[in-house]
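**Q** Dumping the structure here so I can ask a few things about it.
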Amino acid sequence: MSLRVSTFAEPCQLAFSGATLGLVEFVTDLGLSRIALLIAIQFILIFLGMFMEQVSIMMITIPIFMPIVKAVGMDPVWFGMIFLPTLEMGLTTPPFGMLLFVMKGIVPSETTMAEICVAAAPFLLCDLIAMVLMICFPIIPLWLPGLMC
């Protein structure tokens, strides 16, 4: 009996199973607008960010979200520029955002978690404003990558 070692060069098993195609068909059949779909993806990412780290979330969600993004006609670069700040927002979102616990570890011991959450709120608001601007005006995140072509 020999063990088979998986390598990164092998094609994704998710694609072979047909799960990606089925999920793309399911989401496109829902009839959601691009913005509604993007907001739903962002809520999923923020929820996951409260409990998991960024790399784990990316490893789980990118193989699922990218075929959907391409199928509905979103620019993958624009989606990536929205994806990463959304992950950062999830890590800062109370009650279990991992960055909140990092902040708790570096502040004086008498600082409460509630105070840390209140201190993080302006940063979440700035991220939300930046997110709205990037969604409403796609040229903002795509300007610099557009210079490379």
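Following the order of the structure tokens, first chain is A, next is B, and so on, with residues numbered from 1 inside each chain and ligands from 1 in the order they appear.
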For Pro94 (chain A), please output as a ChimeraX atom specification all residues within 8 Å (counting only C-alpha atoms; exclusion window: fewer than 2 positions along the same chain).
**A** /A:50,92,96-97,100,117
**Q** Considering only C-alpha atoms, return as a list in words whatever protein or nucleic-acid residues lie within 9 Å of region 87-91 of chain A, sequence-local ones (same chain, fewer than 4 positions apart) excluded.
**A**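 The filter keeps Gln42, Phe43, Leu45, Ile46, Phe47, Leu48, Gly49, Met50, Phe51, Met52, Glu53, Gln54, Ile57, Met58, Ile82, Phe83, Phe96, Gly97, Met98, Leu99, Leu100, Phe123, Leu124, Asp127 and Leu128 of chain A.
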**Q** Include N, CA and C atoms and write out the residues we just selected as an mmCIF file, in the first residue's frame.
**A**
```
data_model
loop_
_atom_site.group_PDB
_atom_site.id
_atom_site.type_symbol
_atom_site.label_atom_id
_atom_site.label_comp_id
_atom_site.auth_asym_id
_atom_site.auth_seq_id
_atom_site.Cartn_x
_atom_site.Cartn_y
_atom_site.Cartn_z
ATOM 1 N N GLN A 42 -19.471 39.910 1.437
ATOM 2 C CA GLN A 42 -18.809 40.674 2.486
ATOM 3 C C GLN A 42 -19.320 40.280 3.873
ATOM 4 N N PHE A 43 -20.611 40.069 4.005
ATOM 5 C CA PHE A 43 -21.138 39.633 5.295
ATOM 6 C C PHE A 43 -20.566 38.273 5.688
ATOM 7 N N LEU A 45 -17.651 37.069 4.769
ATOM 8 C CA LEU A 45 -16.250 37.272 5.129
ATOM 9 C C LEU A 45 -16.099 37.927 6.499
ATOM 10 N N ILE A 46 -16.945 38.897 6.802
ATOM 11 C CA ILE A 46 -16.865 39.556 8.113
ATOM 12 C C ILE A 46 -17.225 38.563 9.209
ATOM 13 N N PHE A 47 -18.249 37.742 8.979
ATOM 14 C CA PHE A 47 -18.621 36.734 9.975
ATOM 15 C C PHE A 47 -17.479 35.745 10.204
ATOM 16 N N LEU A 48 -16.891 35.243 9.106
ATOM 17 C CA LEU A 48 -15.777 34.310 9.249
ATOM 18 C C LEU A 48 -14.578 34.964 9.918
ATOM 19 N N GLY A 49 -14.361 36.257 9.629
ATOM 20 C CA GLY A 49 -13.235 36.978 10.210
ATOM 21 C C GLY A 49 -13.321 37.125 11.714
ATOM 22 N N MET A 50 -14.512 37.022 12.260
ATOM 23 C CA MET A 50 -14.652 37.099 13.713
ATOM 24 C C MET A 50 -14.085 35.863 14.401
ATOM 25 N N PHE A 51 -13.961 34.762 13.673
ATOM 26 C CA PHE A 51 -13.570 33.506 14.300
ATOM 27 C C PHE A 51 -12.306 32.876 13.736
ATOM 28 N N MET A 52 -11.891 33.300 12.538
ATOM 29 C CA MET A 52 -10.767 32.658 11.865
ATOM 30 C C MET A 52 -9.741 33.699 11.432
ATOM 31 N N GLU A 53 -8.572 33.213 11.069
ATOM 32 C CA GLU A 53 -7.538 34.111 10.564
ATOM 33 C C GLU A 53 -7.662 34.266 9.049
ATOM 34 N N GLN A 54 -7.009 35.291 8.509
ATOM 35 C CA GLN A 54 -7.184 35.667 7.106
ATOM 36 C C GLN A 54 -6.780 34.583 6.112
ATOM 37 N N ILE A 57 -9.328 31.825 5.906
ATOM 38 C CA ILE A 57 -10.542 32.277 5.217
ATOM 39 C C ILE A 57 -10.309 32.308 3.713
ATOM 40 N N MET A 58 -9.147 32.821 3.293
ATOM 41 C CA MET A 58 -8.855 32.888 1.862
ATOM 42 C C MET A 58 -8.769 31.494 1.259
ATOM 43 N N ILE A 82 -11.562 44.592 -2.935
ATOM 44 C CA ILE A 82 -12.640 44.691 -1.951
ATOM 45 C C ILE A 82 -12.494 43.577 -0.914
ATOM 46 N N PHE A 83 -12.055 42.417 -1.354
ATOM 47 C CA PHE A 83 -11.942 41.217 -0.531
ATOM 48 C C PHE A 83 -11.011 41.423 0.663
ATOM 49 N N PHE A 96 -15.557 38.671 18.724
ATOM 50 C CA PHE A 96 -14.432 37.743 18.741
ATOM 51 C C PHE A 96 -13.346 38.066 17.738
ATOM 52 N N GLY A 97 -13.312 39.280 17.230
ATOM 53 C CA GLY A 97 -12.289 39.643 16.252
ATOM 54 C C GLY A 97 -10.898 39.427 16.819
ATOM 55 N N MET A 98 -10.063 38.732 16.069
ATOM 56 C CA MET A 98 -8.737 38.365 16.567
ATOM 57 C C MET A 98 -7.864 39.582 16.867
ATOM 58 N N LEU A 99 -8.014 40.643 16.080
ATOM 59 C CA LEU A 99 -7.208 41.840 16.331
ATOM 60 C C LEU A 99 -7.578 42.510 17.654
ATOM 61 N N LEU A 100 -8.821 42.331 18.086
ATOM 62 C CA LEU A 100 -9.214 42.880 19.382
ATOM 63 C C LEU A 100 -8.438 42.212 20.508
ATOM 64 N N PHE A 123 -12.040 52.921 13.402
ATOM 65 C CA PHE A 123 -11.300 52.259 12.332
ATOM 66 C C PHE A 123 -12.245 51.452 11.450
ATOM 67 N N LEU A 124 -13.224 50.799 12.065
ATOM 68 C CA LEU A 124 -14.226 50.074 11.280
ATOM 69 C C LEU A 124 -15.053 51.033 10.433
ATOM 70 N N ASP A 127 -12.967 52.029 7.482
ATOM 71 C CA ASP A 127 -12.959 50.924 6.520
ATOM 72 C C ASP A 127 -14.274 50.860 5.758
ATOM 73 N N LEU A 128 -15.378 51.076 6.453
ATOM 74 C CA LEU A 128 -16.689 51.029 5.807
ATOM 75 C C LEU A 128 -16.832 52.147 4.775
#
```
**Q** Hey, which of A:Thr93, A:Thr86, A:Ser56, A:Ser33 ends up closest to Val69 (chain A)? Count only C-alpha atoms.
**A**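 Of all the options, A:Ser33 lies closest to Val69 (chain A).
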**Q** Write out as a PyMOL selection string each polymer residue whose atoms come within 10 Å of region 131-146 of chain A, counting only C-alpha atoms; drop sequence neighbours fewer than 3 positions from it.
**A** chain A and resi 35+38-39+75+77-83+85-86+125-128+149
**Q** Would you save the residues of that selection, restricted to N, CA and C atoms, as a JSON list (two decimals), in the first residue's frame?
**A**
```
[["chain", "number", "residue", "atom", "x", "y", "z"],
["A", 35, "ILE", "N", -24.23, 43.98, -6.80],
["A", 35, "ILE", "CA", -24.00, 44.65, -5.52],
["A", 35, "ILE", "C", -24.57, 43.82, -4.37],
["A", 38, "LEU", "N", -22.22, 40.98, -3.84],
["A", 38, "LEU", "CA", -21.00, 41.45, -3.20],
["A", 38, "LEU", "C", -21.22, 41.70, -1.71],
["A", 39, "ILE", "N", -22.34, 42.32, -1.37],
["A", 39, "ILE", "CA", -22.64, 42.58, 0.05],
["A", 39, "ILE", "C", -22.83, 41.27, 0.80],
["A", 75, "ASP", "N", -15.14, 42.28, -12.08],
["A", 75, "ASP", "CA", -13.72, 42.30, -12.35],
["A", 75, "ASP", "C", -13.01, 41.59, -11.19],
["A", 77, "VAL", "N", -9.89, 41.62, -10.27],
["A", 77, "VAL", "CA", -8.96, 42.50, -9.56],
["A", 77, "VAL", "C", -9.73, 43.42, -8.62],
["A", 78, "TRP", "N", -10.81, 43.98, -9.09],
["A", 78, "TRP", "CA", -11.66, 44.84, -8.24],
["A", 78, "TRP", "C", -12.19, 44.06, -7.06],
["A", 79, "PHE", "N", -12.64, 42.82, -7.31],
["A", 79, "PHE", "CA", -13.14, 41.98, -6.22],
["A", 79, "PHE", "C", -12.04, 41.72, -5.19],
["A", 80, "GLY", "N", -10.81, 41.45, -5.66],
["A", 80, "GLY", "CA", -9.70, 41.24, -4.73],
["A", 80, "GLY", "C", -9.40, 42.47, -3.90],
["A", 81, "MET", "N", -9.54, 43.65, -4.52],
["A", 81, "MET", "CA", -9.30, 44.89, -3.78],
["A", 81, "MET", "C", -10.39, 45.16, -2.74],
["A", 82, "ILE", "N", -11.56, 44.59, -2.93],
["A", 82, "ILE", "CA", -12.64, 44.69, -1.95],
["A", 82, "ILE", "C", -12.49, 43.58, -0.91],
["A", 83, "PHE", "N", -12.05, 42.42, -1.35],
["A", 83, "PHE", "CA", -11.94, 41.22, -0.53],
["A", 83, "PHE", "C", -11.01, 41.42, 0.66],
["A", 85, "PRO", "N", -9.69, 44.25, 2.30],
["A", 85, "PRO", "CA", -10.13, 45.10, 3.41],
["A", 85, "PRO", "C", -11.33, 44.52, 4.16],
["A", 86, "THR", "N", -12.17, 43.75, 3.46],
["A", 86, "THR", "CA", -13.29, 43.12, 4.14],
["A", 86, "THR", "C", -12.78, 42.09, 5.15],
["A", 125, "LEU", "N", -15.36, 52.20, 10.98],
["A", 125, "LEU", "CA", -16.11, 53.20, 10.24],
["A", 125, "LEU", "C", -15.31, 53.70, 9.04],
["A", 126, "CYS", "N", -14.02, 53.95, 9.24],
["A", 126, "CYS", "CA", -13.16, 54.37, 8.12],
["A", 126, "CYS", "C", -13.08, 53.28, 7.06],
["A", 127, "ASP", "N", -12.97, 52.03, 7.48],
["A", 127, "ASP", "CA", -12.96, 50.92, 6.52],
["A", 127, "ASP", "C", -14.27, 50.86, 5.76],
["A", 128, "LEU", "N", -15.38, 51.08, 6.45],
["A", 128, "LEU", "CA", -16.69, 51.03, 5.81],
["A", 128, "LEU", "C", -16.83, 52.15, 4.78],
["A", 149, "CYS", "N", -1.06, 48.09, -17.57],
["A", 149, "CYS", "CA", -1.39, 47.54, -18.91],
["A", 149, "CYS", "C", -0.85, 48.41, -20.02]]
```
**Q** Once DSSP has gone over the backbone, tell me which residues of region 9-79 of chain A are in helix (DSSP H, G or I), as a ChimeraX atom specification.
**A** /A:13-17,19-30,34-49,54-71,76-79
**Q** Output C-alpha atoms for every residue in the selection just made, as a JSON list (two decimals), in the first residue's frame.
**A**
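File written: selection23.json
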```
[["chain", "number", "residue", "atom", "x", "y", "z"],
["A", 13, "GLN", "CA", -10.56, 18.61, -6.36],
["A", 14, "LEU", "CA", -13.40, 21.09, -5.88],
["A", 15, "ALA", "CA", -13.47, 21.68, -9.65],
["A", 16, "PHE", "CA", -13.42, 17.95, -10.43],
["A", 17, "SER", "CA", -16.37, 17.26, -8.13],
["A", 19, "ALA", "CA", -19.43, 21.51, -6.78],
["A", 20, "THR", "CA", -18.14, 24.80, -8.12],
["A", 21, "LEU", "CA", -20.29, 24.62, -11.24],
["A", 22, "GLY", "CA", -23.36, 23.70, -9.18],
["A", 23, "LEU", "CA", -22.74, 26.57, -6.78],
["A", 24, "VAL", "CA", -22.25, 29.06, -9.62],
["A", 25, "GLU", "CA", -25.51, 27.92, -11.21],
["A", 26, "PHE", "CA", -27.32, 28.15, -7.87],
["A", 27, "VAL", "CA", -26.09, 31.69, -7.17],
["A", 28, "THR", "CA", -26.77, 32.96, -10.69],
["A", 29, "ASP", "CA", -30.28, 31.44, -10.57],
["A", 30, "LEU", "CA", -31.00, 33.47, -7.41],
["A", 34, "ARG", "CA", -23.90, 42.24, -8.44],
["A", 35, "ILE", "CA", -24.00, 44.65, -5.52],
["A", 36, "ALA", "CA", -26.35, 42.42, -3.50],
["A", 37, "LEU", "CA", -24.08, 39.45, -4.18],
["A", 38, "LEU", "CA", -21.00, 41.45, -3.20],
["A", 39, "ILE", "CA", -22.64, 42.58, 0.05],
["A", 40, "ALA", "CA", -23.63, 38.98, 0.84],
["A", 41, "ILE", "CA", -20.03, 37.87, 0.25],
["A", 42, "GLN", "CA", -18.81, 40.67, 2.49],
["A", 43, "PHE", "CA", -21.14, 39.63, 5.30],
["A", 44, "ILE", "CA", -19.86, 36.07, 5.00],
["A", 45, "LEU", "CA", -16.25, 37.27, 5.13],
["A", 46, "ILE", "CA", -16.86, 39.56, 8.11],
["A", 47, "PHE", "CA", -18.62, 36.73, 9.98],
["A", 48, "LEU", "CA", -15.78, 34.31, 9.25],
["A", 49, "GLY", "CA", -13.24, 36.98, 10.21],
["A", 54, "GLN", "CA", -7.18, 35.67, 7.11],
["A", 55, "VAL", "CA", -5.16, 32.98, 5.35],
["A", 56, "SER", "CA", -7.58, 30.25, 6.44],
["A", 57, "ILE", "CA", -10.54, 32.28, 5.22],
["A", 58, "MET", "CA", -8.86, 32.89, 1.86],
["A", 59, "MET", "CA", -8.02, 29.20, 1.43],
["A", 60, "ILE", "CA", -11.64, 28.26, 2.06],
["A", 61, "THR", "CA", -13.51, 31.03, 0.25],
["A", 62, "ILE", "CA", -11.48, 32.01, -2.82],
["A", 63, "PRO", "CA", -12.05, 28.69, -4.67],
["A", 64, "ILE", "CA", -15.77, 29.18, -4.04],
["A", 65, "PHE", "CA", -16.14, 32.93, -4.61],
["A", 66, "MET", "CA", -13.92, 33.48, -7.67],
["A", 67, "PRO", "CA", -15.95, 31.33, -10.09],
["A", 68, "ILE", "CA", -19.09, 33.11, -8.88],
["A", 69, "VAL", "CA", -17.45, 36.52, -9.30],
["A", 70, "LYS", "CA", -16.37, 35.67, -12.85],
["A", 71, "ALA", "CA", -19.79, 34.21, -13.73],
["A", 76, "PRO", "CA", -11.55, 39.81, -10.36],
["A", 77, "VAL", "CA", -8.96, 42.50, -9.56],
["A", 78, "TRP", "CA", -11.66, 44.84, -8.24],
["A", 79, "PHE", "CA", -13.14, 41.98, -6.22]]
```
**Q** Looking at A:Gly105, A:Pro122, A:Gly18, A:Gly31, which one is nearest to Val72 (chain A), with distances taken over only C-alpha atoms?
**A**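 Of A:Gly105, A:Pro122, A:Gly18, A:Gly31, the one nearest Val72 (chain A), counting only C-alpha atoms, is A:Gly31.
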**Q** Would you mind reading off the distance between CA of Phe101 (chain A) and CA of Ile129 (chain A), one decimal, in Å?
**A**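 These atoms are spaced 24.1 Å apart.
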